[in-house]
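Novice: Take a look at the following structure, please.
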Amino acid sequence: MRGFGDTLIALGLVFAPLSLLSFGGGNAVLADIAQQAIHVQGWTSEREFADLFALSRAAPGPGSMLAALIGWKAAGIAGALVATVAFYVPSAALVFAAARMWGRWRGSTWHTAIERGMAPVAAGLFLSGGLAVLQASPGGAAVWVAAIVTTVALLRWPEMHPVPLLLGAAALFGLLGAF
């Protein structure tokens, strides 16, 4: 069993590098967070991870608060603090430095190429995060069906309000729970 200090160090060593890879937000590294929290570090079970993910989405504030919840699960308040600082400070410092330089290059060939090149990277990271949550979810096939139907609906009607989709998913799981 790992000591308290070792757990805090591990939290920092896991979340700081992920911070630097989180193009587009915390969802971009969701698959890596799940891998580390469940399989590598053993801080949560798959069910606990799914519950913490749901809680991070239901709570006010950024969805990346999942890092704080995993830190709390692993090492209490100190773990939540370490995970939060490790997840936010490196990327914030990098974005601050990049933003100062980025404006100088606006309109250049490199500026446009980098922006276009990062779009598929961010999309792939979001997709892997979504798949990690679906795999960790205890809902079984119904979760996959709801995710596929939602994806198809939003691709077909991108301006669609999410409330009908949420109500449809709630009805689906309500019916399945009744049986």
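Ordering of the structure tokens sets the chain letters (A, B, ...), residue numbers begin anew at 1 in every chain, and ligands are numbered from 1 in the order given.
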What's the 12 Å shell around A:Val89, counting only C-alpha atoms, without same-chain residues fewer than 2 positions away, as a PyMOL selection string?
Specialist: chain A and resi 12+15-20+81-87+91-96
Novice: Could you name the residues that touch A:Ala50 at 12 Å or less, counting only C-alpha atoms, but leaving out those on the same chain fewer than 2 positions away, as an NGL selection string?
Specialist: :A and (30-31 or 33-34 or 37-38 or 44-48 or 52-57 or 66 or 69-70 or 130-139 or 143)
Novice: So what do you get for atom CA of A:Met118 versus atom CA of A:Asn27, distance-wise?
Specialist: 15.1 Å
